[in-house]
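So this one's final02.pdb, PDB, C-alpha atoms:
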ATOM      1  CA  MET F   1    -283.419-230.681 -49.872
ATOM      2  CA  LYS F   2    -283.743-226.955 -50.351
ATOM      3  CA  VAL F   3    -286.280-224.315 -49.444
ATOM      4  CA  THR F   4    -286.218-220.638 -50.386
ATOM      5  CA  TRP F   5    -287.807-217.864 -48.363
ATOM      6  CA  THR F   6    -288.254-214.636 -50.297
ATOM      7  CA  VAL F   7    -288.747-211.806 -47.816
ATOM      8  CA  SER F   8    -290.476-208.589 -48.869
ATOM      9  CA  PRO F   9    -291.366-205.569 -46.722
ATOM     10  CA  VAL F  10    -294.999-204.570 -46.322
ATOM     11  CA  GLY F  11    -295.641-200.849 -46.392
ATOM     12  CA  TYR F  12    -292.953-198.173 -46.199
ATOM     13  CA  GLN F  13    -289.688-197.850 -44.320
ATOM     14  CA  ARG F  14    -290.100-194.869 -42.003
ATOM     15  CA  ILE F  15    -287.499-192.154 -41.540
ATOM     16  CA  ALA F  16    -286.808-190.310 -38.285
ATOM     17  CA  LYS F  17    -286.401-186.553 -38.639
ATOM     18  CA  HIS F  18    -286.897-183.402 -36.602
ATOM     19  CA  CYS F  19    -290.354-182.061 -37.361
ATOM     20  CA  PRO F  20    -290.483-178.235 -37.254
ATOM     21  CA  SER F  21    -294.218-178.328 -36.615
ATOM     22  CA  CYS F  22    -294.019-180.771 -33.678
ATOM     23  CA  SER F  23    -290.659-179.341 -32.492
ATOM     24  CA  ILE F  24    -289.381-182.875 -31.800
ATOM     25  CA  LYS F  25    -288.073-185.808 -33.794
ATOM     26  CA  ARG F  26    -290.903-187.705 -35.479
ATOM     27  CA  ASP F  27    -291.299-190.555 -37.958
ATOM     28  CA  PHE F  28    -291.886-189.559 -41.575
ATOM     29  CA  THR F  29    -293.369-191.806 -44.240
ATOM     30  CA  PRO F  30    -293.861-191.349 -48.024
ATOM     31  CA  SER F  31    -297.067-189.491 -48.836
ATOM     32  CA  GLY F  32    -297.467-191.423 -52.081
ATOM     33  CA  ALA F  33    -296.684-188.437 -54.278
ATOM     34  CA  PHE F  34    -293.710-186.969 -56.138
ATOM     35  CA  ARG F  35    -292.858-183.334 -56.769
ATOM     36  CA  VAL F  36    -291.443-182.728 -60.248
ATOM     37  CA  ASN F  37    -290.106-179.345 -61.332
ATOM     38  CA  SER F  38    -289.133-178.782 -64.949
ATOM     39  CA  GLN F  39    -287.188-175.714 -66.083
ATOM     40  CA  LYS F  40    -285.584-175.435 -69.519
ATOM     41  CA  LYS F  41    -285.589-179.222 -69.961
ATOM     42  CA  VAL F  42    -283.872-179.737 -66.605
ATOM     43  CA  LEU F  43    -285.679-181.770 -63.962
ATOM     44  CA  ASP F  44    -285.671-181.728 -60.189
ATOM     45  CA  VAL F  45    -287.596-184.610 -58.600
ATOM     46  CA  TRP F  46    -288.465-185.250 -54.964
ATOM     47  CA  SER F  47    -290.444-187.871 -53.071
ATOM     48  CA  ILE F  48    -292.780-186.107 -50.648
ATOM     49  CA  TYR F  49    -292.669-187.448 -47.080
ATOM     50  CA  LYS F  50    -295.005-186.438 -44.277
ATOM     51  CA  CYS F  51    -294.871-186.501 -40.484
ATOM     52  CA  VAL F  52    -297.031-189.364 -39.186
ATOM     53  CA  HIS F  53    -298.222-187.116 -36.345
ATOM     54  CA  CYS F  54    -299.058-183.779 -37.952
ATOM     55  CA  ASN F  55    -298.654-184.298 -41.736
ATOM     56  CA  TYR F  56    -295.852-181.705 -42.035
ATOM     57  CA  THR F  57    -294.193-182.433 -45.381
ATOM     58  CA  TRP F  58    -290.536-182.944 -46.202
ATOM     59  CA  ASN F  59    -289.077-183.603 -49.646
ATOM     60  CA  ILE F  60    -286.361-186.188 -50.304
ATOM     61  CA  ALA F  61    -284.338-185.445 -53.442
ATOM     62  CA  LEU F  62    -284.381-188.165 -56.097
ATOM     63  CA  PHE F  63    -282.897-186.298 -59.066
ATOM     64  CA  SER F  64    -281.303-182.853 -59.184
ATOM     65  CA  ARG F  65    -280.666-180.779 -62.306
ATOM     66  CA  LEU F  66    -281.221-183.804 -64.530
ATOM     67  CA  HIS F  67    -281.668-183.151 -68.253
ATOM     68  CA  VAL F  68    -284.891-184.665 -69.597
ATOM     69  CA  SER F  69    -282.918-186.571 -72.251
ATOM     70  CA  LYS F  70    -281.191-188.564 -69.499
ATOM     71  CA  ILE F  71    -284.296-189.914 -67.790
ATOM     72  CA  ASP F  72    -286.145-192.984 -69.022
ATOM     73  CA  ARG F  73    -289.489-192.027 -70.546
ATOM     74  CA  GLU F  74    -291.364-194.720 -68.688
ATOM     75  CA  LEU F  75    -289.829-193.637 -65.370
ATOM     76  CA  HIS F  76    -290.722-190.014 -66.128
ATOM     77  CA  HIS F  77    -294.313-191.078 -66.807
ATOM     78  CA  ARG F  78    -294.468-193.038 -63.519
ATOM     79  CA  LEU F  79    -293.110-190.058 -61.582
ATOM     80  CA  MET F  80    -295.661-187.706 -63.125
ATOM     81  CA  ALA F  81    -298.453-190.206 -62.367
ATOM     82  CA  ASN F  82    -297.349-190.751 -58.735
ATOM     83  CA  ASP F  83    -297.039-194.454 -59.478
ATOM     84  CA  ALA F  84    -297.358-196.430 -56.207
ATOM     85  CA  ALA F  85    -294.735-199.043 -57.139
ATOM     86  CA  THR F  86    -292.215-196.293 -57.920
ATOM     87  CA  VAL F  87    -292.893-194.566 -54.593
ATOM     88  CA  LEU F  88    -292.266-197.916 -52.870
ATOM     89  CA  TYR F  89    -289.061-198.499 -54.846
ATOM     90  CA  PHE F  90    -287.491-195.191 -53.822
ATOM     91  CA  ALA F  91    -288.644-195.647 -50.201
ATOM     92  CA  TYR F  92    -286.208-198.575 -49.982
ATOM     93  CA  ASP F  93    -283.494-197.327 -52.340
ATOM     94  CA  ASN F  94    -280.328-197.225 -50.233
ATOM     95  CA  THR F  95    -278.516-194.830 -52.573
ATOM     96  CA  THR F  96    -281.318-192.286 -52.321
ATOM     97  CA  LEU F  97    -281.676-192.663 -48.555
ATOM     98  CA  LYS F  98    -277.931-192.297 -47.919
ATOM     99  CA  ARG F  99    -277.660-189.277 -50.207
ATOM    100  CA  ASN F 100    -280.364-187.585 -48.145
ATOM    101  CA  ASN F 101    -278.770-188.620 -44.822
ATOM    102  CA  ALA F 102    -281.994-190.420 -43.934
ATOM    103  CA  GLU F 103    -282.158-192.032 -40.481
ATOM    104  CA  LEU F 104    -284.190-195.238 -40.702
ATOM    105  CA  SER F 105    -286.784-195.744 -38.000
ATOM    106  CA  GLY F 106    -288.756-198.796 -36.928
ATOM    107  CA  ARG F 107    -289.062-202.134 -38.652
ATOM    108  CA  PRO F 108    -291.653-202.608 -41.391
ATOM    109  CA  ASP F 109    -293.791-205.732 -41.309
ATOM    110  CA  PHE F 110    -292.849-208.280 -43.935
ATOM    111  CA  ARG F 111    -294.193-211.273 -45.819
ATOM    112  CA  ILE F 112    -292.399-214.486 -46.725
ATOM    113  CA  GLN F 113    -292.938-216.572 -49.849
ATOM    114  CA  GLU F 114    -291.775-220.165 -49.450
ATOM    115  CA  GLN F 115    -290.684-222.358 -52.367
ATOM    116  CA  TRP F 116    -289.407-225.947 -52.351
ATOM    117  CA  SER F 117    -286.983-227.432 -54.862
ATOM    118  CA  ALA F 118    -287.352-231.095 -53.757
ATOM    119  CA  SER F 119    -289.469-233.415 -51.607
ATOM    120  CA  LEU F 120    -288.727-233.999 -47.937
ATOM    121  CA  SER F 121    -288.394-237.058 -45.717
ATOM    122  CA  PRO F 122    -287.931-237.078 -41.908
ATOM    123  CA  GLY F 123    -284.448-236.760 -40.500
ATOM    124  CA  GLU F 124    -283.049-234.911 -43.468
ATOM    125  CA  ARG F 125    -281.254-231.585 -43.131
ATOM    126  CA  ILE F 126    -282.710-228.775 -45.196
ATOM    127  CA  GLU F 127    -280.716-225.993 -46.814
ATOM    128  CA  VAL F 128    -282.547-222.698 -46.415
ATOM    129  CA  SER F 129    -281.940-219.707 -48.661
ATOM    130  CA  VAL F 130    -283.310-216.395 -47.447
ATOM    131  CA  ARG F 131    -283.629-213.825 -50.201
ATOM    132  CA  ILE F 132    -284.207-210.203 -49.226
ATOM    133  CA  SER F 133    -286.117-208.537 -52.050
ATOM    134  CA  ARG F 134    -285.397-205.016 -50.790
ATOM    135  CA  SER F 135    -282.915-203.809 -48.213
ATOM    136  CA  PHE F 136    -284.847-202.808 -45.082
ATOM    137  CA  GLN F 137    -284.634-203.007 -41.306
ATOM    138  CA  VAL F 138    -285.211-206.703 -40.610
ATOM    139  CA  SER F 139    -283.204-209.464 -38.931
ATOM    140  CA  LEU F 140    -282.811-213.128 -39.792
ATOM    141  CA  MET F 141    -283.935-213.816 -36.225
ATOM    142  CA  SER F 142    -287.300-212.134 -36.806
ATOM    143  CA  ILE F 143    -287.664-213.994 -40.108
ATOM    144  CA  LEU F 144    -286.983-217.334 -38.395
ATOM    145  CA  GLN F 145    -289.370-216.490 -35.570
ATOM    146  CA  LYS F 146    -292.151-215.720 -38.022
ATOM    147  CA  GLN F 147    -291.575-218.656 -40.342
ATOM    148  CA  LEU F 148    -290.809-221.337 -37.713
ATOM    149  CA  MET F 149    -293.281-219.982 -35.132
ATOM    150  CA  LEU F 150    -290.566-220.189 -32.463
ATOM    151  CA  SER F 151    -289.356-217.722 -29.824
ATOM    152  CA  ALA F 152    -285.889-216.150 -29.929
ATOM    153  CA  GLY F 153    -284.889-218.335 -26.969
ATOM    154  CA  GLU F 154    -286.027-221.517 -28.734
ATOM    155  CA  ILE F 155    -284.092-220.551 -31.844
ATOM    156  CA  LYS F 156    -280.975-219.887 -29.757
ATOM    157  CA  ARG F 157    -281.238-223.346 -28.180
ATOM    158  CA  ARG F 158    -281.503-224.943 -31.609
ATOM    159  CA  VAL F 159    -278.429-223.071 -32.796
ATOM    160  CA  GLU F 160    -276.517-224.283 -29.735
ATOM    161  CA  SER F 161    -277.690-227.886 -30.234
ATOM    162  CA  GLY F 162    -276.795-227.895 -33.934
ATOM    163  CA  LYS F 163    -280.368-228.143 -35.217
ATOM    164  CA  ILE F 164    -279.737-224.804 -36.895
ATOM    165  CA  ARG F 165    -276.317-224.648 -38.564
ATOM    166  CA  GLY F 166    -274.307-222.326 -40.764
ATOM    167  CA  ILE F 167    -275.360-219.130 -39.029
ATOM    168  CA  THR F 168    -274.227-217.366 -35.841
ATOM    169  CA  MET F 169    -276.395-215.667 -33.242
ATOM    170  CA  LYS F 170    -274.629-212.388 -34.072
ATOM    171  CA  LYS F 171    -275.663-212.702 -37.712
ATOM    172  CA  LEU F 172    -279.189-213.747 -36.758
ATOM    173  CA  LYS F 173    -279.643-210.609 -34.647
ATOM    174  CA  SER F 174    -278.140-208.147 -37.139
ATOM    175  CA  ARG F 175    -280.638-205.821 -38.789
ATOM    176  CA  LYS F 176    -278.117-204.651 -41.381
ATOM    177  CA  LEU F 177    -279.243-207.075 -44.069
ATOM    178  CA  LYS F 178    -278.705-206.310 -47.737
ATOM    179  CA  ASP F 179    -280.891-207.204 -50.697
ATOM    180  CA  THR F 180    -279.004-210.444 -51.200
ATOM    181  CA  GLU F 181    -279.168-214.136 -50.235
ATOM    182  CA  TYR F 182    -278.348-215.759 -46.885
ATOM    183  CA  LYS F 183    -277.950-219.510 -46.397
ATOM    184  CA  PHE F 184    -278.020-221.892 -43.420
ATOM    185  CA  GLN F 185    -279.304-225.377 -42.567
ATOM    186  CA  LEU F 186    -282.219-226.612 -40.467
ATOM    187  CA  SER F 187    -283.240-230.049 -39.261
ATOM    188  CA  ALA F 188    -286.597-231.151 -40.694
ATOM    189  CA  GLU F 189    -288.091-231.296 -37.192
ATOM    190  CA  THR F 190    -287.065-227.672 -36.542
ATOM    191  CA  LEU F 191    -288.676-226.507 -39.770
ATOM    192  CA  PHE F 192    -291.975-228.258 -39.167
ATOM    193  CA  ALA F 193    -292.304-228.672 -35.397
ATOM    194  CA  GLN F 194    -294.741-225.780 -34.923
ATOM    195  CA  ARG F 195    -296.233-225.741 -38.404
ATOM    196  CA  ARG F 196    -298.406-228.837 -37.952
ATOM    197  CA  ILE F 197    -297.209-230.571 -41.095
ATOM    198  CA  ALA F 198    -296.898-234.338 -40.639
ATOM    199  CA  LEU F 199    -293.714-235.994 -41.871
ATOM    200  CA  LYS F 200    -294.056-239.589 -43.027
ATOM    201  CA  HIS F 201    -291.228-242.063 -42.712
ATOM    202  CA  ARG F 202    -290.334-244.129 -45.757
TER     203      ARG F 202
END
Just dump the structure as C-alpha coordinates.
Amino acid sequence: MKVTWTVSPVGYQRIAKHCPSCSIKRDFTPSGAFRVNSQKKVLDVWSIYKCVHCNYTWNIALFSRLHVSKIDRELHHRLMANDAATVLYFAYDNTTLKRNNAELSGRPDFRIQEQWSASLSPGERIEVSVRISRSFQVSLMSILQKQLMLSAGEIKRRVESGKIRGITMKKLKSRKLKDTEYKFQLSAETLFAQRRIALKHR
(Lines of atoms letter the chains of each structure in order from A and count residues from 1; the text may use other names and numbers.)
(Lines give C-alpha, C1' and ligand atoms only; values in the text may rest on other atoms or scores of the structure.)
Protein backbone atom coordinates (compact mmCIF):
# COMPACT_ATOMS: atom_id res chain seq x y z
CA MET A 1 0.00 0.00 0.00
CA LYS A 2 1.33 3.40 -0.94
CA VAL A 3 0.40 6.98 -0.19
CA THR A 4 1.99 10.12 -1.61
CA TRP A 5 2.10 13.47 0.15
CA THR A 6 2.91 16.37 -2.15
CA VAL A 7 4.07 19.30 -0.03
CA SER A 8 3.86 22.85 -1.36
CA PRO A 9 4.71 26.10 0.43
CA VAL A 10 2.00 28.70 0.97
CA GLY A 11 3.11 32.27 0.47
CA TYR A 12 6.71 33.41 0.10
CA GLN A 13 9.98 32.34 1.66
CA ARG A 14 11.26 35.35 3.59
CA ILE A 15 14.84 36.58 3.49
CA ALA A 16 16.70 38.15 6.42
CA LYS A 17 18.71 41.25 5.54
CA HIS A 18 19.96 44.43 7.18
CA CYS A 19 17.41 47.15 6.52
CA PRO A 20 19.03 50.59 6.13
CA SER A 21 15.78 52.29 7.07
CA CYS A 22 15.23 50.28 10.27
CA SER A 23 18.99 50.09 11.00
CA ILE A 24 18.62 46.43 12.05
CA LYS A 25 18.19 43.07 10.36
CA ARG A 26 14.62 42.57 9.16
CA ASP A 27 12.67 40.04 7.12
CA PHE A 28 12.13 40.89 3.46
CA THR A 29 9.47 39.38 1.23
CA PRO A 30 8.75 39.71 -2.53
CA SER A 31 6.65 42.76 -3.33
CA GLY A 32 5.01 40.98 -6.25
CA ALA A 33 6.77 43.07 -8.88
CA PHE A 34 9.82 42.84 -11.14
CA ARG A 35 12.13 45.61 -12.30
CA VAL A 36 13.20 45.20 -15.93
CA ASN A 37 15.77 47.48 -17.55
CA SER A 38 16.42 47.24 -21.27
CA GLN A 39 19.37 48.95 -22.94
CA LYS A 40 20.48 48.18 -26.50
CA LYS A 41 18.71 44.80 -26.44
CA VAL A 42 20.42 43.83 -23.19
CA LEU A 43 18.25 43.08 -20.17
CA ASP A 44 18.76 43.42 -16.45
CA VAL A 45 15.96 41.90 -14.35
CA TRP A 46 15.38 42.03 -10.61
CA SER A 47 12.69 40.78 -8.24
CA ILE A 48 11.73 43.62 -5.89
CA TYR A 49 11.69 42.67 -2.20
CA LYS A 50 10.44 44.87 0.62
CA CYS A 51 11.02 45.06 4.36
CA VAL A 52 7.98 43.64 6.19
CA HIS A 53 8.31 46.41 8.79
CA CYS A 54 8.87 49.61 6.83
CA ASN A 55 8.51 48.66 3.13
CA TYR A 56 12.11 49.63 2.28
CA THR A 57 12.82 47.94 -1.06
CA TRP A 58 15.71 45.73 -2.09
CA ASN A 59 16.26 44.20 -5.52
CA ILE A 60 17.41 40.61 -6.04
CA ALA A 61 19.13 40.07 -9.39
CA LEU A 62 17.52 37.48 -11.66
CA PHE A 63 19.29 38.20 -14.95
CA SER A 64 22.24 40.49 -15.64
CA ARG A 65 23.34 41.77 -19.05
CA LEU A 66 21.20 39.18 -20.81
CA HIS A 67 20.62 39.66 -24.54
CA VAL A 68 16.92 39.70 -25.42
CA SER A 69 17.46 36.89 -27.94
CA LYS A 70 18.44 34.56 -25.10
CA ILE A 71 15.31 34.94 -22.99
CA ASP A 72 12.13 32.99 -23.66
CA ARG A 73 9.41 35.26 -25.04
CA GLU A 74 6.78 33.90 -22.70
CA LEU A 75 9.05 34.41 -19.68
CA HIS A 76 9.80 37.96 -20.84
CA HIS A 77 6.06 38.63 -21.10
CA ARG A 78 5.46 37.24 -17.58
CA LEU A 79 8.25 39.40 -16.16
CA MET A 80 6.86 42.53 -17.80
CA ALA A 81 3.37 41.67 -16.50
CA ASN A 82 4.56 40.98 -12.93
CA ASP A 83 3.07 37.50 -13.20
CA ALA A 84 2.32 36.17 -9.68
CA ALA A 85 3.34 32.58 -10.46
CA THR A 86 6.70 33.77 -11.79
CA VAL A 87 7.31 35.88 -8.68
CA LEU A 88 6.58 32.78 -6.58
CA TYR A 89 8.89 30.62 -8.70
CA PHE A 90 11.90 32.89 -8.25
CA ALA A 91 11.14 33.32 -4.52
CA TYR A 92 12.00 29.63 -4.11
CA ASP A 93 14.66 29.28 -6.81
CA ASN A 94 17.77 28.08 -4.98
CA THR A 95 20.15 29.16 -7.75
CA THR A 96 18.86 32.73 -7.62
CA LEU A 97 18.85 32.86 -3.82
CA LYS A 98 22.41 31.51 -3.53
CA ARG A 99 23.72 33.86 -6.21
CA ASN A 100 22.36 36.77 -4.18
CA ASN A 101 23.72 35.39 -0.88
CA ALA A 102 20.18 35.37 0.48
CA GLU A 103 19.75 34.30 4.11
CA LEU A 104 16.48 32.39 4.47
CA SER A 105 14.31 33.36 7.41
CA GLY A 106 11.33 31.67 9.02
CA ARG A 107 9.33 28.72 7.78
CA PRO A 108 6.48 29.28 5.33
CA ASP A 109 3.19 27.52 5.99
CA PHE A 110 2.54 24.62 3.65
CA ARG A 111 -0.24 22.45 2.29
CA ILE A 112 -0.22 18.71 1.68
CA GLN A 113 -2.04 16.86 -1.10
CA GLU A 114 -2.58 13.18 -0.32
CA GLN A 115 -2.98 10.51 -3.00
CA TRP A 116 -3.47 6.75 -2.61
CA SER A 117 -2.33 4.11 -5.08
CA ALA A 118 -4.16 1.14 -3.48
CA SER A 119 -6.80 0.24 -0.89
CA LEU A 120 -5.94 -0.32 2.76
CA SER A 121 -6.74 -2.99 5.33
CA PRO A 122 -5.85 -2.91 9.06
CA GLY A 123 -2.45 -4.13 10.14
CA GLU A 124 -0.76 -3.39 6.86
CA ARG A 125 2.37 -1.25 6.61
CA ILE A 126 2.09 1.73 4.32
CA GLU A 127 4.89 3.14 2.20
CA VAL A 128 4.81 6.92 2.30
CA SER A 129 6.41 9.10 -0.36
CA VAL A 130 6.85 12.76 0.51
CA ARG A 131 7.37 14.95 -2.52
CA ILE A 132 8.62 18.50 -1.99
CA SER A 133 7.32 20.62 -4.85
CA ARG A 134 9.71 23.50 -4.12
CA SER A 135 12.78 23.63 -1.92
CA PHE A 136 11.92 25.66 1.19
CA GLN A 137 12.51 25.69 4.93
CA VAL A 138 10.42 22.75 6.15
CA SER A 139 11.16 19.52 8.01
CA LEU A 140 9.75 16.03 7.61
CA MET A 141 8.90 16.24 11.32
CA SER A 142 6.62 19.23 10.78
CA ILE A 143 5.03 17.49 7.79
CA LEU A 144 4.35 14.36 9.87
CA GLN A 145 2.98 16.44 12.73
CA LYS A 146 0.56 18.21 10.42
CA GLN A 147 -0.56 15.16 8.47
CA LEU A 148 -0.75 12.66 11.36
CA MET A 149 -1.99 15.20 13.92
CA LEU A 150 0.66 13.98 16.38
CA SER A 151 3.18 15.82 18.57
CA ALA A 152 6.94 15.59 17.99
CA GLY A 153 7.21 13.44 21.13
CA GLU A 154 4.55 11.01 19.89
CA ILE A 155 6.29 10.72 16.54
CA LYS A 156 9.61 10.03 18.28
CA ARG A 157 8.02 7.23 20.31
CA ARG A 158 6.63 5.66 17.15
CA VAL A 159 10.03 5.80 15.50
CA GLU A 160 11.57 4.09 18.53
CA SER A 161 8.84 1.41 18.60
CA GLY A 162 9.16 0.69 14.88
CA LYS A 163 5.72 2.02 13.92
CA ILE A 164 7.57 4.54 11.77
CA ARG A 165 10.45 2.96 9.84
CA GLY A 166 12.99 3.90 7.21
CA ILE A 167 13.72 7.35 8.58
CA THR A 168 15.93 8.64 11.41
CA MET A 169 15.11 11.36 13.93
CA LYS A 170 18.04 13.37 12.54
CA LYS A 171 16.52 13.27 9.06
CA LEU A 172 13.06 14.06 10.41
CA LYS A 173 14.34 17.21 12.12
CA SER A 174 16.46 18.49 9.22
CA ARG A 175 15.09 21.56 7.48
CA LYS A 176 17.51 21.22 4.57
CA LEU A 177 15.08 19.38 2.32
CA LYS A 178 15.43 19.51 -1.45
CA ASP A 179 12.71 19.49 -4.09
CA THR A 180 12.85 15.72 -4.31
CA GLU A 181 11.17 12.61 -2.86
CA TYR A 182 11.59 11.07 0.60
CA LYS A 183 10.31 7.61 1.55
CA PHE A 184 9.56 5.79 4.81
CA GLN A 185 6.96 3.37 6.21
CA LEU A 186 4.10 3.80 8.67
CA SER A 187 1.81 1.34 10.39
CA ALA A 188 -1.84 1.80 9.38
CA GLU A 189 -2.77 2.65 12.97
CA THR A 190 -0.15 5.43 13.06
CA LEU A 191 -1.46 6.94 9.84
CA PHE A 192 -5.09 6.97 10.92
CA ALA A 193 -5.08 7.06 14.73
CA GLN A 194 -5.87 10.78 15.00
CA ARG A 195 -7.62 11.22 11.67
CA ARG A 196 -10.87 9.53 12.69
CA ILE A 197 -11.00 7.19 9.72
CA ALA A 198 -12.37 3.76 10.64
CA LEU A 199 -10.46 0.72 9.40
CA LYS A 200 -12.53 -2.39 8.75
CA HIS A 201 -11.11 -5.85 9.17
CA ARG A 202 -11.64 -8.34 6.36
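Counting only C-alpha atoms and comparing F:Ser135, F:Glu189, F:Arg78, F:Arg65, the residue that lies closest to F:Thr95 is F:Ser135.
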| Result set of the PyMOL selection byres ((chain F and resi 37-43) around 6) on the coordinates above, as a ChimeraX atom specification | /F:36,44,65-68
| Reference answer for the PyMOL selection byres ((chain F and resi 12) around 12), as number ranges by chain | F: 8-11, 13-15, 27-32, 49, 52, 84-93, 104-110, 134-137
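When only C-alpha atoms are used to measure the gap to F:Leu172, the shortest distance among F:Ala188, F:Asn59, F:Ala152, F:Trp5 belongs to F:Ala152.
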| said: Would you pick out the contacts of F:Asp179 at 8 Å or less, using only C-alpha atoms, so that residues sharing its chain but fewer than 2 positions from it are not included, and give the list as a PyMOL selection string? | reply: chain F and resi 131-135+177+181
Export of the given selection (C-alpha atoms) as an mmCIF file, in the coordinates of the input:
data_model
loop_
_atom_site.group_PDB
_atom_site.id
_atom_site.type_symbol
_atom_site.label_atom_id
_atom_site.label_comp_id
_atom_site.auth_asym_id
_atom_site.auth_seq_id
_atom_site.Cartn_x
_atom_site.Cartn_y
_atom_site.Cartn_z
ATOM 1 C CA ARG F 131 -283.629 -213.825 -50.201
ATOM 2 C CA ILE F 132 -284.207 -210.203 -49.226
ATOM 3 C CA SER F 133 -286.117 -208.537 -52.050
ATOM 4 C CA ARG F 134 -285.397 -205.016 -50.790
ATOM 5 C CA SER F 135 -282.915 -203.809 -48.213
ATOM 6 C CA LEU F 177 -279.243 -207.075 -44.069
ATOM 7 C CA GLU F 181 -279.168 -214.136 -50.235
#
| message | From the options F:His77, F:Val159, F:Val128, F:Glu103, which residue's atoms come nearest to F:Gln115, counting all atoms listed in the file? | response | F:Val128
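Atom pair atom CA of F:Leu148 / atom CA of F:Gln194: separated by 6.6 Å.
All protein, DNA and RNA residues at most 8 Å from (-290.2, -184.3, -54.4) are Ala33, Phe34, Arg35, Val36, Asp44, Val45, Trp46, Ser47, Ile48, Asn59, Ile60, Ala61 and Leu62 of chain F, using only C-alpha atoms.
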| task | Could you check how far atom CA of F:Arg26 sits from atom CA of F:Thr96, in Å to one decimal? | result | 19.9 Å
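Applied to this file, the PyMOL selection byres ((chain F and resi 56) around 10) selects Cys19, Pro20, Ser21, Cys22, Phe28, Tyr49, Lys50, Cys51, Val52, His53, Cys54, Asn55, Thr57 and Trp58 of chain F.
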Next, write the just-selected residues to a file, as a PDB file, keeping the file's coordinate frame, keeping C-alpha atoms as the atom set.
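Okay, this is what ended up in again_30.pdb:
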ATOM      1  CA  CYS F  19    -290.354-182.061 -37.361  1.00  0.00           C
ATOM      2  CA  PRO F  20    -290.483-178.235 -37.254  1.00  0.00           C
ATOM      3  CA  SER F  21    -294.218-178.328 -36.615  1.00  0.00           C
ATOM      4  CA  CYS F  22    -294.019-180.771 -33.678  1.00  0.00           C
ATOM      5  CA  PHE F  28    -291.886-189.559 -41.575  1.00  0.00           C
ATOM      6  CA  TYR F  49    -292.669-187.448 -47.080  1.00  0.00           C
ATOM      7  CA  LYS F  50    -295.005-186.438 -44.277  1.00  0.00           C
ATOM      8  CA  CYS F  51    -294.871-186.501 -40.484  1.00  0.00           C
ATOM      9  CA  VAL F  52    -297.031-189.364 -39.186  1.00  0.00           C
ATOM     10  CA  HIS F  53    -298.222-187.116 -36.345  1.00  0.00           C
ATOM     11  CA  CYS F  54    -299.058-183.779 -37.952  1.00  0.00           C
ATOM     12  CA  ASN F  55    -298.654-184.298 -41.736  1.00  0.00           C
ATOM     13  CA  THR F  57    -294.193-182.433 -45.381  1.00  0.00           C
ATOM     14  CA  TRP F  58    -290.536-182.944 -46.202  1.00  0.00           C
TER      15      TRP F  58
END
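With only C-alpha atoms as the atoms that count, the minimum distance from F:Lys176 to the choices F:Thr6, F:Thr190, F:Asn100, F:Asn94 is reached by F:Asn94.
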| What lies within 9 Å of stretch 161-171 of chain F using all atoms listed in the file, ignoring chain neighbours under 6 positions off, as a count of residues only? | 13
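In this model, the gap between atom CA of F:Trp116 and atom CA of F:Val3 comes to 4.6 Å.
Remark: for F:Ile112, the closest of the candidate residues F:Val7, F:Val130, F:Met149, F:Leu79 is F:Val7 (distances computed over only C-alpha atoms).
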Padding of 4 Å on every side, edges along x, y and z, all listed atoms of stretch 53-63 of chain F included: what centre and edge lengths in Å, to one decimal, does that box have, as JSON?
{"center_x": -291.0, "center_y": -184.9, "center_z": -47.7, "size_x": 24.2, "size_y": 14.5, "size_z": 30.7}
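With distances restricted to only C-alpha atoms, F:Ser64 is the closest residue to F:Arg99 from F:Ile126, F:Ser64, F:Lys156, F:Arg111.
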